[in-house]
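Asker: Have a look at the structure that comes next, please.
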Amino acid sequence: MYDTLYLNLTEAEAGGVDFLSEIPCYLERVSEHNYGGHVILSGCLNGLKVSASRYQIKIKGSICKYYLNDNLQTMGRGDTQRAFERLSDELHLPMSLATVHRVDVGQNFIMKSPTDVYLNHLGVLKNYKRCPMIEAGTLYYTKRDEAICFYDKVKESRQSKEPIPELYQGRNVLRYEQRYIKRVASSLNVPELTGEMLYNSTFYRGLLSSWKDGYFAIKKINDITLNFQAMKTKQELYKMGVLSLIERAGGEMEMITQINEACKRGDLSKKQAFDLRRAVADACKQKEGLVTKNDCICELDKKVLDAIKFYR
């Protein structure tokens with residue numbers, strides 16, 4: 001489930017290897033730069049970007065593309081260990097000791113409906129900023145050091161001019177990705193994150209659990225369909241209308257937050273805000289039996305849970 005990694009290995013961790021003289025021998029398209037008076041040599045290794053100075057080597061790119069030749073496949077724990085072993089052999093360095101400064105955890109799902117259908121059902125996520133990019137068919141949730149992303153993987157691959165495996169041709173492929181971009185160790189509650197920890201079974205299970213929890217923490221928009229068989233009176237119809245509005249807003253707490261903010265702006269009086277909050281609470285108490293869960297959310301819920309079971 002790993003994709004993009006940023007790795008740093010220092011001269012001391014490498015046992016005193018002369019990076020500037022050794023590393024370029026193993027790279028393609030090597031170029032030389034001068035940064036702050038220091039010589040930097042850069043090149044590529046099977047899709048990975050590698051740069052070396054006198055003191056350290058930096059590697060950036062998709063470990064999945066490096067090892068499996070594309071990132072439409074899934075990079076599990078065993079594959080990750082073998083990828084690090086191969087990377088160590090090719091660079092003649094102990095890459096398992098490298099410090100990880102970014103890690104992306106993701107999975108592709110073949111879905112019944114077009115990917116934007118599912119994006120329309122994903123609402124607010126506490127402590128994250130929701131950033132839909134409609135034209136790109138992408139939905140981001142961002143905060144200081146992390147991001148969560150949902151997007152059409154086939155569309156993204158076509159834009160990158162990458163070949164589409166036969167399995168995914170003509171299919172609806174939704175990518176769910178959790179990105180730890182900065183201060184990775186702090187975000188993952190470990191003193192330091194090294195390459196070898198990525199394929200440690202305990203750490204890996206914990207990371208997948210966080211990936212699953214990140215999805216289920218998202219409030220679902222319109223994750224109900226109106227159950228007309230349950231409507232017997234006009235009052236029930238009104239309640240279902242309120243429930244539909246609440247779901248579109250992202251759930252009960254998000255709706256109440258919006259009412260409170262409107263009151264602070266002066267758009268609502270305190271009495272009006274109180275009445276609206278009570279109407280929201282009353283409608284949510286009557287939710288049972290008046291609504292049925294949306295099939296798209298049920299499908300995506302199952303895909304996320306199945307991925308945890310299979311790749312654990």
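Residues are referred to by chain and number: the chain letter is A, B, ... according to the order shown in the structure tokens, the number counts from 1 in that chain, and ligands are numbered separately from 1 in the order shown.
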Give me the residues near Val17 of chain A as a PyMOL selection string, where near means some atom within 10 Å (using only C-alpha atoms) and where sequence neighbours in that chain fewer than 6 positions away do not count.

Answerer: chain A and resi 10-11+23+54-56+92-93

Asker: With all heavy atoms retained, export the selected residues as a PDB file, in the first residue's frame.

Answerer:
```pdb
ATOM      1  N   THR A  10      22.583   9.454   5.725  1.00  0.00           N
ATOM      2  CA  THR A  10      23.766  10.277   5.961  1.00  0.00           C
ATOM      3  C   THR A  10      25.048   9.480   5.740  1.00  0.00           C
ATOM      4  O   THR A  10      25.039   8.245   5.685  1.00  0.00           O
ATOM      5  CB  THR A  10      23.772  10.824   7.394  1.00  0.00           C
ATOM      6  OG1 THR A  10      23.908   9.722   8.313  1.00  0.00           O
ATOM      7  CG2 THR A  10      22.480  11.584   7.701  1.00  0.00           C
ATOM      8  N   GLU A  11      26.131  10.213   5.632  1.00  0.00           N
ATOM      9  CA  GLU A  11      27.441   9.604   5.445  1.00  0.00           C
ATOM     10  C   GLU A  11      27.768   8.658   6.603  1.00  0.00           C
ATOM     11  O   GLU A  11      28.303   7.562   6.407  1.00  0.00           O
ATOM     12  CB  GLU A  11      28.503  10.697   5.334  1.00  0.00           C
ATOM     13  CG  GLU A  11      29.911  10.191   5.131  1.00  0.00           C
ATOM     14  CD  GLU A  11      30.930  11.319   5.212  1.00  0.00           C
ATOM     15  OE1 GLU A  11      30.634  12.334   5.879  1.00  0.00           O
ATOM     16  OE2 GLU A  11      32.008  11.171   4.619  1.00  0.00           O
ATOM     17  N   ILE A  23      28.069   7.126  -5.827  1.00  0.00           N
ATOM     18  CA  ILE A  23      26.661   7.045  -6.207  1.00  0.00           C
ATOM     19  C   ILE A  23      26.400   7.313  -7.688  1.00  0.00           C
ATOM     20  O   ILE A  23      25.598   6.603  -8.320  1.00  0.00           O
ATOM     21  CB  ILE A  23      25.802   7.981  -5.328  1.00  0.00           C
ATOM     22  CG1 ILE A  23      25.914   7.562  -3.853  1.00  0.00           C
ATOM     23  CG2 ILE A  23      24.338   7.945  -5.773  1.00  0.00           C
ATOM     24  CD1 ILE A  23      25.585   6.108  -3.602  1.00  0.00           C
ATOM     25  N   ARG A  54      28.203  15.604  -0.354  1.00  0.00           N
ATOM     26  CA  ARG A  54      29.283  14.976   0.417  1.00  0.00           C
ATOM     27  C   ARG A  54      28.747  14.308   1.675  1.00  0.00           C
ATOM     28  O   ARG A  54      29.294  13.305   2.145  1.00  0.00           O
ATOM     29  CB  ARG A  54      30.322  16.043   0.782  1.00  0.00           C
ATOM     30  CG  ARG A  54      31.455  15.550   1.667  1.00  0.00           C
ATOM     31  CD  ARG A  54      32.389  16.676   2.023  1.00  0.00           C
ATOM     32  NE  ARG A  54      33.392  16.238   2.991  1.00  0.00           N
ATOM     33  CZ  ARG A  54      34.286  17.045   3.562  1.00  0.00           C
ATOM     34  NH1 ARG A  54      34.305  18.342   3.250  1.00  0.00           N
ATOM     35  NH2 ARG A  54      35.152  16.573   4.432  1.00  0.00           N
ATOM     36  N   TYR A  55      27.648  14.843   2.222  1.00  0.00           N
ATOM     37  CA  TYR A  55      27.205  14.419   3.550  1.00  0.00           C
ATOM     38  C   TYR A  55      26.003  13.472   3.558  1.00  0.00           C
ATOM     39  O   TYR A  55      25.777  12.781   4.544  1.00  0.00           O
ATOM     40  CB  TYR A  55      26.873  15.660   4.397  1.00  0.00           C
ATOM     41  CG  TYR A  55      28.018  16.628   4.478  1.00  0.00           C
ATOM     42  CD1 TYR A  55      28.005  17.799   3.731  1.00  0.00           C
ATOM     43  CD2 TYR A  55      29.126  16.364   5.279  1.00  0.00           C
ATOM     44  CE1 TYR A  55      29.061  18.700   3.798  1.00  0.00           C
ATOM     45  CE2 TYR A  55      30.190  17.260   5.350  1.00  0.00           C
ATOM     46  CZ  TYR A  55      30.152  18.415   4.603  1.00  0.00           C
ATOM     47  OH  TYR A  55      31.212  19.284   4.659  1.00  0.00           O
ATOM     48  N   GLN A  56      25.227  13.477   2.475  1.00  0.00           N
ATOM     49  CA  GLN A  56      24.014  12.647   2.500  1.00  0.00           C
ATOM     50  C   GLN A  56      23.530  12.324   1.092  1.00  0.00           C
ATOM     51  O   GLN A  56      23.925  12.985   0.125  1.00  0.00           O
ATOM     52  CB  GLN A  56      22.894  13.340   3.278  1.00  0.00           C
ATOM     53  CG  GLN A  56      22.413  14.628   2.641  1.00  0.00           C
ATOM     54  CD  GLN A  56      21.311  15.301   3.420  1.00  0.00           C
ATOM     55  OE1 GLN A  56      20.647  14.692   4.251  1.00  0.00           O
ATOM     56  NE2 GLN A  56      21.081  16.585   3.163  1.00  0.00           N
ATOM     57  N   HIS A  92      24.443  -0.054  -3.270  1.00  0.00           N
ATOM     58  CA  HIS A  92      25.501  -0.526  -2.370  1.00  0.00           C
ATOM     59  C   HIS A  92      25.495   0.269  -1.061  1.00  0.00           C
ATOM     60  O   HIS A  92      26.536   0.676  -0.544  1.00  0.00           O
ATOM     61  CB  HIS A  92      26.872  -0.433  -3.057  1.00  0.00           C
ATOM     62  CG  HIS A  92      26.955  -1.246  -4.320  1.00  0.00           C
ATOM     63  ND1 HIS A  92      27.348  -2.575  -4.327  1.00  0.00           N
ATOM     64  CD2 HIS A  92      26.651  -0.926  -5.591  1.00  0.00           C
ATOM     65  CE1 HIS A  92      27.301  -3.029  -5.579  1.00  0.00           C
ATOM     66  NE2 HIS A  92      26.870  -2.048  -6.354  1.00  0.00           N
ATOM     67  N   LEU A  93      24.282   0.489  -0.555  1.00  0.00           N
ATOM     68  CA  LEU A  93      24.089   1.262   0.666  1.00  0.00           C
ATOM     69  C   LEU A  93      23.049   0.573   1.552  1.00  0.00           C
ATOM     70  O   LEU A  93      22.150  -0.101   1.046  1.00  0.00           O
ATOM     71  CB  LEU A  93      23.574   2.673   0.335  1.00  0.00           C
ATOM     72  CG  LEU A  93      24.514   3.608  -0.425  1.00  0.00           C
ATOM     73  CD1 LEU A  93      23.781   4.882  -0.812  1.00  0.00           C
ATOM     74  CD2 LEU A  93      25.745   3.939   0.412  1.00  0.00           C
TER      75      LEU A  93
END
```

Asker: Using DSSP on the backbone, list every residue of segment 3-239 of chain A that comes out as strand (DSSP E), and give them as a PDB file with N, CA and C atoms, in the first residue's frame.

Answerer:
```pdb
ATOM      1  N   ASP A   3       3.445   4.067  -1.586  1.00  0.00           N
ATOM      2  CA  ASP A   3       3.726   4.649  -2.894  1.00  0.00           C
ATOM      3  C   ASP A   3       4.919   5.604  -2.756  1.00  0.00           C
ATOM      4  N   THR A   4       4.667   6.910  -2.714  1.00  0.00           N
ATOM      5  CA  THR A   4       5.768   7.877  -2.667  1.00  0.00           C
ATOM      6  C   THR A   4       6.501   7.832  -1.328  1.00  0.00           C
ATOM      7  N   LEU A   5       7.825   7.839  -1.408  1.00  0.00           N
ATOM      8  CA  LEU A   5       8.687   7.911  -0.228  1.00  0.00           C
ATOM      9  C   LEU A   5       9.750   8.982  -0.451  1.00  0.00           C
ATOM     10  N   TYR A   6      10.116   9.680   0.646  1.00  0.00           N
ATOM     11  CA  TYR A   6      11.299  10.533   0.655  1.00  0.00           C
ATOM     12  C   TYR A   6      12.259   9.923   1.670  1.00  0.00           C
ATOM     13  N   LEU A   7      13.467   9.607   1.229  1.00  0.00           N
ATOM     14  CA  LEU A   7      14.449   8.945   2.092  1.00  0.00           C
ATOM     15  C   LEU A   7      15.733   9.762   2.154  1.00  0.00           C
ATOM     16  N   ASN A   8      16.332   9.833   3.347  1.00  0.00           N
ATOM     17  CA  ASN A   8      17.643  10.466   3.535  1.00  0.00           C
ATOM     18  C   ASN A   8      18.571   9.483   4.239  1.00  0.00           C
ATOM     19  N   LEU A   9      19.784   9.335   3.716  1.00  0.00           N
ATOM     20  CA  LEU A   9      20.806   8.501   4.350  1.00  0.00           C
ATOM     21  C   LEU A   9      22.066   9.337   4.496  1.00  0.00           C
ATOM     22  N   THR A  10      22.583   9.454   5.725  1.00  0.00           N
ATOM     23  CA  THR A  10      23.766  10.277   5.961  1.00  0.00           C
ATOM     24  C   THR A  10      25.048   9.480   5.740  1.00  0.00           C
ATOM     25  N   GLU A  28      21.353   7.034 -13.832  1.00  0.00           N
ATOM     26  CA  GLU A  28      21.226   7.485 -15.209  1.00  0.00           C
ATOM     27  C   GLU A  28      21.009   8.995 -15.227  1.00  0.00           C
ATOM     28  N   ARG A  29      21.352   9.621 -16.340  1.00  0.00           N
ATOM     29  CA  ARG A  29      21.138  11.056 -16.563  1.00  0.00           C
ATOM     30  C   ARG A  29      21.678  11.895 -15.404  1.00  0.00           C
ATOM     31  N   VAL A  30      22.929  11.692 -15.085  1.00  0.00           N
ATOM     32  CA  VAL A  30      23.565  12.399 -13.971  1.00  0.00           C
ATOM     33  C   VAL A  30      23.879  13.840 -14.354  1.00  0.00           C
ATOM     34  N   SER A  31      23.579  14.757 -13.444  1.00  0.00           N
ATOM     35  CA  SER A  31      23.909  16.170 -13.644  1.00  0.00           C
ATOM     36  C   SER A  31      24.511  16.729 -12.366  1.00  0.00           C
ATOM     37  N   GLU A  32      25.251  17.812 -12.501  1.00  0.00           N
ATOM     38  CA  GLU A  32      25.927  18.423 -11.350  1.00  0.00           C
ATOM     39  C   GLU A  32      25.377  19.819 -11.105  1.00  0.00           C
ATOM     40  N   HIS A  33      25.171  20.137  -9.834  1.00  0.00           N
ATOM     41  CA  HIS A  33      24.668  21.440  -9.424  1.00  0.00           C
ATOM     42  C   HIS A  33      25.522  21.958  -8.270  1.00  0.00           C
ATOM     43  N   ASN A  34      25.426  23.254  -8.058  1.00  0.00           N
ATOM     44  CA  ASN A  34      26.101  23.870  -6.912  1.00  0.00           C
ATOM     45  C   ASN A  34      25.055  24.573  -6.075  1.00  0.00           C
ATOM     46  N   TYR A  35      24.907  24.138  -4.847  1.00  0.00           N
ATOM     47  CA  TYR A  35      23.886  24.696  -3.963  1.00  0.00           C
ATOM     48  C   TYR A  35      24.554  25.177  -2.681  1.00  0.00           C
ATOM     49  N   HIS A  38      28.017  23.967  -2.152  1.00  0.00           N
ATOM     50  CA  HIS A  38      28.203  22.517  -2.061  1.00  0.00           C
ATOM     51  C   HIS A  38      27.851  21.864  -3.394  1.00  0.00           C
ATOM     52  N   VAL A  39      28.639  20.897  -3.798  1.00  0.00           N
ATOM     53  CA  VAL A  39      28.383  20.160  -5.031  1.00  0.00           C
ATOM     54  C   VAL A  39      27.273  19.135  -4.794  1.00  0.00           C
ATOM     55  N   ILE A  40      26.272  19.144  -5.676  1.00  0.00           N
ATOM     56  CA  ILE A  40      25.170  18.181  -5.614  1.00  0.00           C
ATOM     57  C   ILE A  40      25.127  17.434  -6.945  1.00  0.00           C
ATOM     58  N   LEU A  41      25.165  16.115  -6.894  1.00  0.00           N
ATOM     59  CA  LEU A  41      25.040  15.289  -8.088  1.00  0.00           C
ATOM     60  C   LEU A  41      23.670  14.620  -8.087  1.00  0.00           C
ATOM     61  N   SER A  42      22.937  14.735  -9.195  1.00  0.00           N
ATOM     62  CA  SER A  42      21.580  14.194  -9.267  1.00  0.00           C
ATOM     63  C   SER A  42      21.449  13.252 -10.454  1.00  0.00           C
ATOM     64  N   GLY A  43      20.550  12.286 -10.305  1.00  0.00           N
ATOM     65  CA  GLY A  43      20.278  11.357 -11.387  1.00  0.00           C
ATOM     66  C   GLY A  43      19.044  10.535 -11.090  1.00  0.00           C
ATOM     67  N   CYS A  44      18.814   9.515 -11.899  1.00  0.00           N
ATOM     68  CA  CYS A  44      17.630   8.670 -11.755  1.00  0.00           C
ATOM     69  C   CYS A  44      18.017   7.211 -11.602  1.00  0.00           C
ATOM     70  N   LEU A  45      17.191   6.489 -10.863  1.00  0.00           N
ATOM     71  CA  LEU A  45      17.362   5.047 -10.699  1.00  0.00           C
ATOM     72  C   LEU A  45      15.998   4.394 -10.850  1.00  0.00           C
ATOM     73  N   LEU A  48      13.195   6.579  -9.680  1.00  0.00           N
ATOM     74  CA  LEU A  48      13.457   7.317  -8.455  1.00  0.00           C
ATOM     75  C   LEU A  48      14.432   8.459  -8.728  1.00  0.00           C
ATOM     76  N   LYS A  49      14.191   9.610  -8.099  1.00  0.00           N
ATOM     77  CA  LYS A  49      15.113  10.734  -8.198  1.00  0.00           C
ATOM     78  C   LYS A  49      16.120  10.639  -7.058  1.00  0.00           C
ATOM     79  N   VAL A  50      17.398  10.648  -7.406  1.00  0.00           N
ATOM     80  CA  VAL A  50      18.456  10.474  -6.416  1.00  0.00           C
ATOM     81  C   VAL A  50      19.391  11.670  -6.488  1.00  0.00           C
ATOM     82  N   SER A  51      19.694  12.263  -5.340  1.00  0.00           N
ATOM     83  CA  SER A  51      20.676  13.350  -5.279  1.00  0.00           C
ATOM     84  C   SER A  51      21.666  13.054  -4.169  1.00  0.00           C
ATOM     85  N   ALA A  52      22.932  13.376  -4.419  1.00  0.00           N
ATOM     86  CA  ALA A  52      23.985  13.080  -3.460  1.00  0.00           C
ATOM     87  C   ALA A  52      24.854  14.299  -3.231  1.00  0.00           C
ATOM     88  N   GLN A  56      25.227  13.477   2.475  1.00  0.00           N
ATOM     89  CA  GLN A  56      24.014  12.647   2.500  1.00  0.00           C
ATOM     90  C   GLN A  56      23.530  12.324   1.092  1.00  0.00           C
ATOM     91  N   ILE A  57      22.659  11.325   1.029  1.00  0.00           N
ATOM     92  CA  ILE A  57      21.987  10.976  -0.223  1.00  0.00           C
ATOM     93  C   ILE A  57      20.487  11.081   0.017  1.00  0.00           C
ATOM     94  N   LYS A  58      19.776  11.659  -0.959  1.00  0.00           N
ATOM     95  CA  LYS A  58      18.329  11.813  -0.866  1.00  0.00           C
ATOM     96  C   LYS A  58      17.671  11.070  -2.015  1.00  0.00           C
ATOM     97  N   ILE A  59      16.577  10.376  -1.709  1.00  0.00           N
ATOM     98  CA  ILE A  59      15.835   9.627  -2.722  1.00  0.00           C
ATOM     99  C   ILE A  59      14.363  10.014  -2.624  1.00  0.00           C
ATOM    100  N   LYS A  60      13.769  10.338  -3.769  1.00  0.00           N
ATOM    101  CA  LYS A  60      12.355  10.715  -3.817  1.00  0.00           C
ATOM    102  C   LYS A  60      11.676   9.997  -4.971  1.00  0.00           C
ATOM    103  N   GLY A  61      10.450   9.556  -4.737  1.00  0.00           N
ATOM    104  CA  GLY A  61       9.686   8.942  -5.812  1.00  0.00           C
ATOM    105  C   GLY A  61       8.826   7.797  -5.333  1.00  0.00           C
ATOM    106  N   SER A  62       8.191   7.142  -6.275  1.00  0.00           N
ATOM    107  CA  SER A  62       7.277   6.044  -5.969  1.00  0.00           C
ATOM    108  C   SER A  62       8.056   4.739  -5.828  1.00  0.00           C
ATOM    109  N   THR A  99      16.396   7.556   6.886  1.00  0.00           N
ATOM    110  CA  THR A  99      15.286   8.222   7.561  1.00  0.00           C
ATOM    111  C   THR A  99      14.197   8.547   6.538  1.00  0.00           C
ATOM    112  N   VAL A 100      12.956   8.271   6.903  1.00  0.00           N
ATOM    113  CA  VAL A 100      11.813   8.524   6.011  1.00  0.00           C
ATOM    114  C   VAL A 100      11.239   9.902   6.332  1.00  0.00           C
ATOM    115  N   HIS A 101      11.199  10.771   5.326  1.00  0.00           N
ATOM    116  CA  HIS A 101      10.696  12.135   5.519  1.00  0.00           C
ATOM    117  C   HIS A 101       9.342  12.362   4.844  1.00  0.00           C
ATOM    118  N   ARG A 102       8.890  11.396   4.091  1.00  0.00           N
ATOM    119  CA  ARG A 102       7.526  11.429   3.549  1.00  0.00           C
ATOM    120  C   ARG A 102       7.132  10.003   3.219  1.00  0.00           C
ATOM    121  N   VAL A 103       5.861   9.691   3.454  1.00  0.00           N
ATOM    122  CA  VAL A 103       5.343   8.377   3.061  1.00  0.00           C
ATOM    123  C   VAL A 103       3.876   8.514   2.669  1.00  0.00           C
ATOM    124  N   ASP A 104       3.534   7.944   1.523  1.00  0.00           N
ATOM    125  CA  ASP A 104       2.146   7.905   1.050  1.00  0.00           C
ATOM    126  C   ASP A 104       1.637   6.471   1.134  1.00  0.00           C
ATOM    127  N   VAL A 105       0.439   6.324   1.707  1.00  0.00           N
ATOM    128  CA  VAL A 105      -0.193   5.014   1.830  1.00  0.00           C
ATOM    129  C   VAL A 105      -1.480   5.055   1.025  1.00  0.00           C
ATOM    130  N   GLY A 106      -1.614   4.179   0.019  1.00  0.00           N
ATOM    131  CA  GLY A 106      -2.792   4.261  -0.833  1.00  0.00           C
ATOM    132  C   GLY A 106      -3.233   2.930  -1.387  1.00  0.00           C
ATOM    133  N   GLN A 107      -4.438   2.915  -1.920  1.00  0.00           N
ATOM    134  CA  GLN A 107      -5.008   1.714  -2.513  1.00  0.00           C
ATOM    135  C   GLN A 107      -5.965   2.113  -3.631  1.00  0.00           C
ATOM    136  N   ASN A 108      -5.967   1.332  -4.705  1.00  0.00           N
ATOM    137  CA  ASN A 108      -6.900   1.547  -5.812  1.00  0.00           C
ATOM    138  C   ASN A 108      -8.105   0.621  -5.661  1.00  0.00           C
ATOM    139  N   PHE A 109      -9.297   1.171  -5.900  1.00  0.00           N
ATOM    140  CA  PHE A 109     -10.526   0.391  -5.821  1.00  0.00           C
ATOM    141  C   PHE A 109     -11.243   0.418  -7.165  1.00  0.00           C
ATOM    142  N   ILE A 110     -11.593  -0.743  -7.671  1.00  0.00           N
ATOM    143  CA  ILE A 110     -12.432  -0.816  -8.870  1.00  0.00           C
ATOM    144  C   ILE A 110     -13.891  -0.697  -8.409  1.00  0.00           C
ATOM    145  N   MET A 111     -14.562   0.358  -8.842  1.00  0.00           N
ATOM    146  CA  MET A 111     -15.889   0.687  -8.348  1.00  0.00           C
ATOM    147  C   MET A 111     -16.957   0.468  -9.414  1.00  0.00           C
ATOM    148  N   LYS A 129      -8.950  20.680   6.147  1.00  0.00           N
ATOM    149  CA  LYS A 129      -9.646  21.559   5.204  1.00  0.00           C
ATOM    150  C   LYS A 129     -10.057  20.742   3.991  1.00  0.00           C
ATOM    151  N   ARG A 130     -11.325  20.769   3.655  1.00  0.00           N
ATOM    152  CA  ARG A 130     -11.825  20.025   2.500  1.00  0.00           C
ATOM    153  C   ARG A 130     -11.605  20.853   1.240  1.00  0.00           C
ATOM    154  N   CYS A 131     -10.899  20.284   0.250  1.00  0.00           N
ATOM    155  CA  CYS A 131     -10.525  21.019  -0.959  1.00  0.00           C
ATOM    156  C   CYS A 131     -10.917  20.226  -2.208  1.00  0.00           C
ATOM    157  N   PRO A 132     -12.149  20.357  -2.672  1.00  0.00           N
ATOM    158  CA  PRO A 132     -12.537  19.652  -3.908  1.00  0.00           C
ATOM    159  C   PRO A 132     -11.967  20.352  -5.131  1.00  0.00           C
ATOM    160  N   MET A 133     -11.492  19.565  -6.082  1.00  0.00           N
ATOM    161  CA  MET A 133     -11.016  20.083  -7.367  1.00  0.00           C
ATOM    162  C   MET A 133     -11.869  19.416  -8.439  1.00  0.00           C
ATOM    163  N   THR A 138     -10.776  15.376  -8.307  1.00  0.00           N
ATOM    164  CA  THR A 138      -9.955  15.071  -7.136  1.00  0.00           C
ATOM    165  C   THR A 138     -10.543  15.740  -5.905  1.00  0.00           C
ATOM    166  N   LEU A 139     -10.415  15.080  -4.773  1.00  0.00           N
ATOM    167  CA  LEU A 139     -10.839  15.647  -3.498  1.00  0.00           C
ATOM    168  C   LEU A 139      -9.703  15.521  -2.498  1.00  0.00           C
ATOM    169  N   TYR A 140      -9.250  16.671  -1.963  1.00  0.00           N
ATOM    170  CA  TYR A 140      -8.187  16.697  -0.971  1.00  0.00           C
ATOM    171  C   TYR A 140      -8.741  17.091   0.395  1.00  0.00           C
ATOM    172  N   TYR A 141      -8.155  16.529   1.430  1.00  0.00           N
ATOM    173  CA  TYR A 141      -8.334  17.003   2.802  1.00  0.00           C
ATOM    174  C   TYR A 141      -6.928  17.340   3.300  1.00  0.00           C
ATOM    175  N   THR A 142      -6.705  18.567   3.737  1.00  0.00           N
ATOM    176  CA  THR A 142      -5.356  18.978   4.097  1.00  0.00           C
ATOM    177  C   THR A 142      -5.298  19.563   5.504  1.00  0.00           C
ATOM    178  N   GLU A 146      -0.139  16.785   6.870  1.00  0.00           N
ATOM    179  CA  GLU A 146      -0.740  15.593   6.281  1.00  0.00           C
ATOM    180  C   GLU A 146      -1.770  15.975   5.220  1.00  0.00           C
ATOM    181  N   ALA A 147      -2.099  15.012   4.393  1.00  0.00           N
ATOM    182  CA  ALA A 147      -3.173  15.198   3.410  1.00  0.00           C
ATOM    183  C   ALA A 147      -3.826  13.858   3.134  1.00  0.00           C
ATOM    184  N   ILE A 148      -5.105  13.912   2.827  1.00  0.00           N
ATOM    185  CA  ILE A 148      -5.853  12.738   2.382  1.00  0.00           C
ATOM    186  C   ILE A 148      -6.394  13.070   1.009  1.00  0.00           C
ATOM    187  N   CYS A 149      -6.306  12.128   0.089  1.00  0.00           N
ATOM    188  CA  CYS A 149      -6.664  12.411  -1.293  1.00  0.00           C
ATOM    189  C   CYS A 149      -7.479  11.272  -1.895  1.00  0.00           C
ATOM    190  N   PHE A 150      -8.512  11.634  -2.638  1.00  0.00           N
ATOM    191  CA  PHE A 150      -9.316  10.696  -3.420  1.00  0.00           C
ATOM    192  C   PHE A 150      -9.299  11.185  -4.864  1.00  0.00           C
ATOM    193  N   TYR A 151      -9.019  10.300  -5.816  1.00  0.00           N
ATOM    194  CA  TYR A 151      -9.004  10.728  -7.203  1.00  0.00           C
ATOM    195  C   TYR A 151      -9.150   9.547  -8.156  1.00  0.00           C
ATOM    196  N   ASP A 152      -9.426   9.880  -9.407  1.00  0.00           N
ATOM    197  CA  ASP A 152      -9.588   8.899 -10.477  1.00  0.00           C
ATOM    198  C   ASP A 152      -8.194   8.464 -10.926  1.00  0.00           C
ATOM    199  N   ASN A 172     -13.821   1.893 -13.554  1.00  0.00           N
ATOM    200  CA  ASN A 172     -13.854   3.046 -12.655  1.00  0.00           C
ATOM    201  C   ASN A 172     -12.905   2.757 -11.491  1.00  0.00           C
ATOM    202  N   VAL A 173     -11.771   3.436 -11.449  1.00  0.00           N
ATOM    203  CA  VAL A 173     -10.745   3.146 -10.445  1.00  0.00           C
ATOM    204  C   VAL A 173     -10.580   4.351  -9.526  1.00  0.00           C
ATOM    205  N   LEU A 174     -10.993   4.198  -8.276  1.00  0.00           N
ATOM    206  CA  LEU A 174     -10.894   5.251  -7.273  1.00  0.00           C
ATOM    207  C   LEU A 174      -9.674   4.998  -6.395  1.00  0.00           C
ATOM    208  N   ARG A 175      -8.836   5.996  -6.265  1.00  0.00           N
ATOM    209  CA  ARG A 175      -7.639   5.912  -5.419  1.00  0.00           C
ATOM    210  C   ARG A 175      -7.905   6.647  -4.117  1.00  0.00           C
ATOM    211  N   TYR A 176      -7.656   5.966  -2.995  1.00  0.00           N
ATOM    212  CA  TYR A 176      -7.720   6.609  -1.675  1.00  0.00           C
ATOM    213  C   TYR A 176      -6.316   6.594  -1.105  1.00  0.00           C
ATOM    214  N   GLU A 177      -5.799   7.771  -0.778  1.00  0.00           N
ATOM    215  CA  GLU A 177      -4.402   7.903  -0.379  1.00  0.00           C
ATOM    216  C   GLU A 177      -4.284   8.773   0.865  1.00  0.00           C
ATOM    217  N   GLN A 178      -3.440   8.345   1.793  1.00  0.00           N
ATOM    218  CA  GLN A 178      -3.120   9.130   2.978  1.00  0.00           C
ATOM    219  C   GLN A 178      -1.653   9.520   2.877  1.00  0.00           C
ATOM    220  N   ARG A 179      -1.380  10.810   2.925  1.00  0.00           N
ATOM    221  CA  ARG A 179      -0.027  11.309   2.720  1.00  0.00           C
ATOM    222  C   ARG A 179       0.511  11.974   3.987  1.00  0.00           C
ATOM    223  N   TYR A 180       1.643  11.476   4.458  1.00  0.00           N
ATOM    224  CA  TYR A 180       2.360  12.088   5.574  1.00  0.00           C
ATOM    225  C   TYR A 180       3.511  12.875   4.963  1.00  0.00           C
ATOM    226  N   ILE A 224     -27.645   8.863   2.636  1.00  0.00           N
ATOM    227  CA  ILE A 224     -28.980   8.293   2.813  1.00  0.00           C
ATOM    228  C   ILE A 224     -29.763   8.487   1.514  1.00  0.00           C
ATOM    229  N   THR A 225     -30.756   7.684   1.322  1.00  0.00           N
ATOM    230  CA  THR A 225     -31.737   7.915   0.265  1.00  0.00           C
ATOM    231  C   THR A 225     -33.099   7.999   0.937  1.00  0.00           C
ATOM    232  N   LEU A 226     -33.936   8.827   0.393  1.00  0.00           N
ATOM    233  CA  LEU A 226     -35.241   9.021   1.029  1.00  0.00           C
ATOM    234  C   LEU A 226     -36.071   7.744   0.969  1.00  0.00           C
TER     235      LEU A 226
END
```

Asker: Which residue out of A:Leu188, A:Met240, A:Leu122, A:Ile308 has the minimum interatomic distance to Ile221 of chain A when only C-alpha atoms are used?

Answerer: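 The answer is A:Leu122, which sits nearest to Ile221 of chain A.
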
Asker: Could you give me, as a PDB file with C-alpha atoms, in the first residue's frame, the residues within 7 Å of Asp145 of chain A, counting only C-alpha atoms and dropping anything in the same chain fewer than 4 positions from it?

Answerer:
```pdb
ATOM      1  CA  TYR A 180       2.360  12.088   5.574  1.00  0.00           C
ATOM      2  CA  ILE A 181       4.228  15.023   4.061  1.00  0.00           C
ATOM      3  CA  LYS A 182       6.215  16.664   6.871  1.00  0.00           C
ATOM      4  CA  ARG A 183       7.252  15.770  10.426  1.00  0.00           C
TER       5      ARG A 183
END
```

Asker: Excluding same-chain residues fewer than 3 positions from Tyr118 of chain A, what lies within 9 Å of it counting only C-alpha atoms, as a list in words?

Answerer: Ser113, Pro114, Thr115, His121, Leu122, Leu174, Cys296, Ile297 and Leu300 of chain A

Asker: Got a sec: who's within 8 Å of segment 273-281 of chain A, counting only C-alpha atoms, leaving out chain neighbours fewer than 6 positions off, as a VMD selection string?

Answerer: chain A and resid 242 to 243 246 252 255 to 256 259 to 260 263

Asker: Name the residues in contact with Lys219 of chain A at a cut-off of 6 Å, using only C-alpha atoms, excluding same-chain residues fewer than 5 positions from it; report them as an mmCIF file with C-alpha atoms, in the first residue's frame.

Answerer:
```cif
data_model
loop_
_atom_site.group_PDB
_atom_site.id
_atom_site.type_symbol
_atom_site.label_atom_id
_atom_site.label_comp_id
_atom_site.auth_asym_id
_atom_site.auth_seq_id
_atom_site.Cartn_x
_atom_site.Cartn_y
_atom_site.Cartn_z
ATOM 1 C CA GLY A 123 -18.075 15.481 3.478
ATOM 2 C CA VAL A 124 -16.183 17.250 6.230
ATOM 3 C CA GLY A 250 -22.066 16.991 6.337
#
```
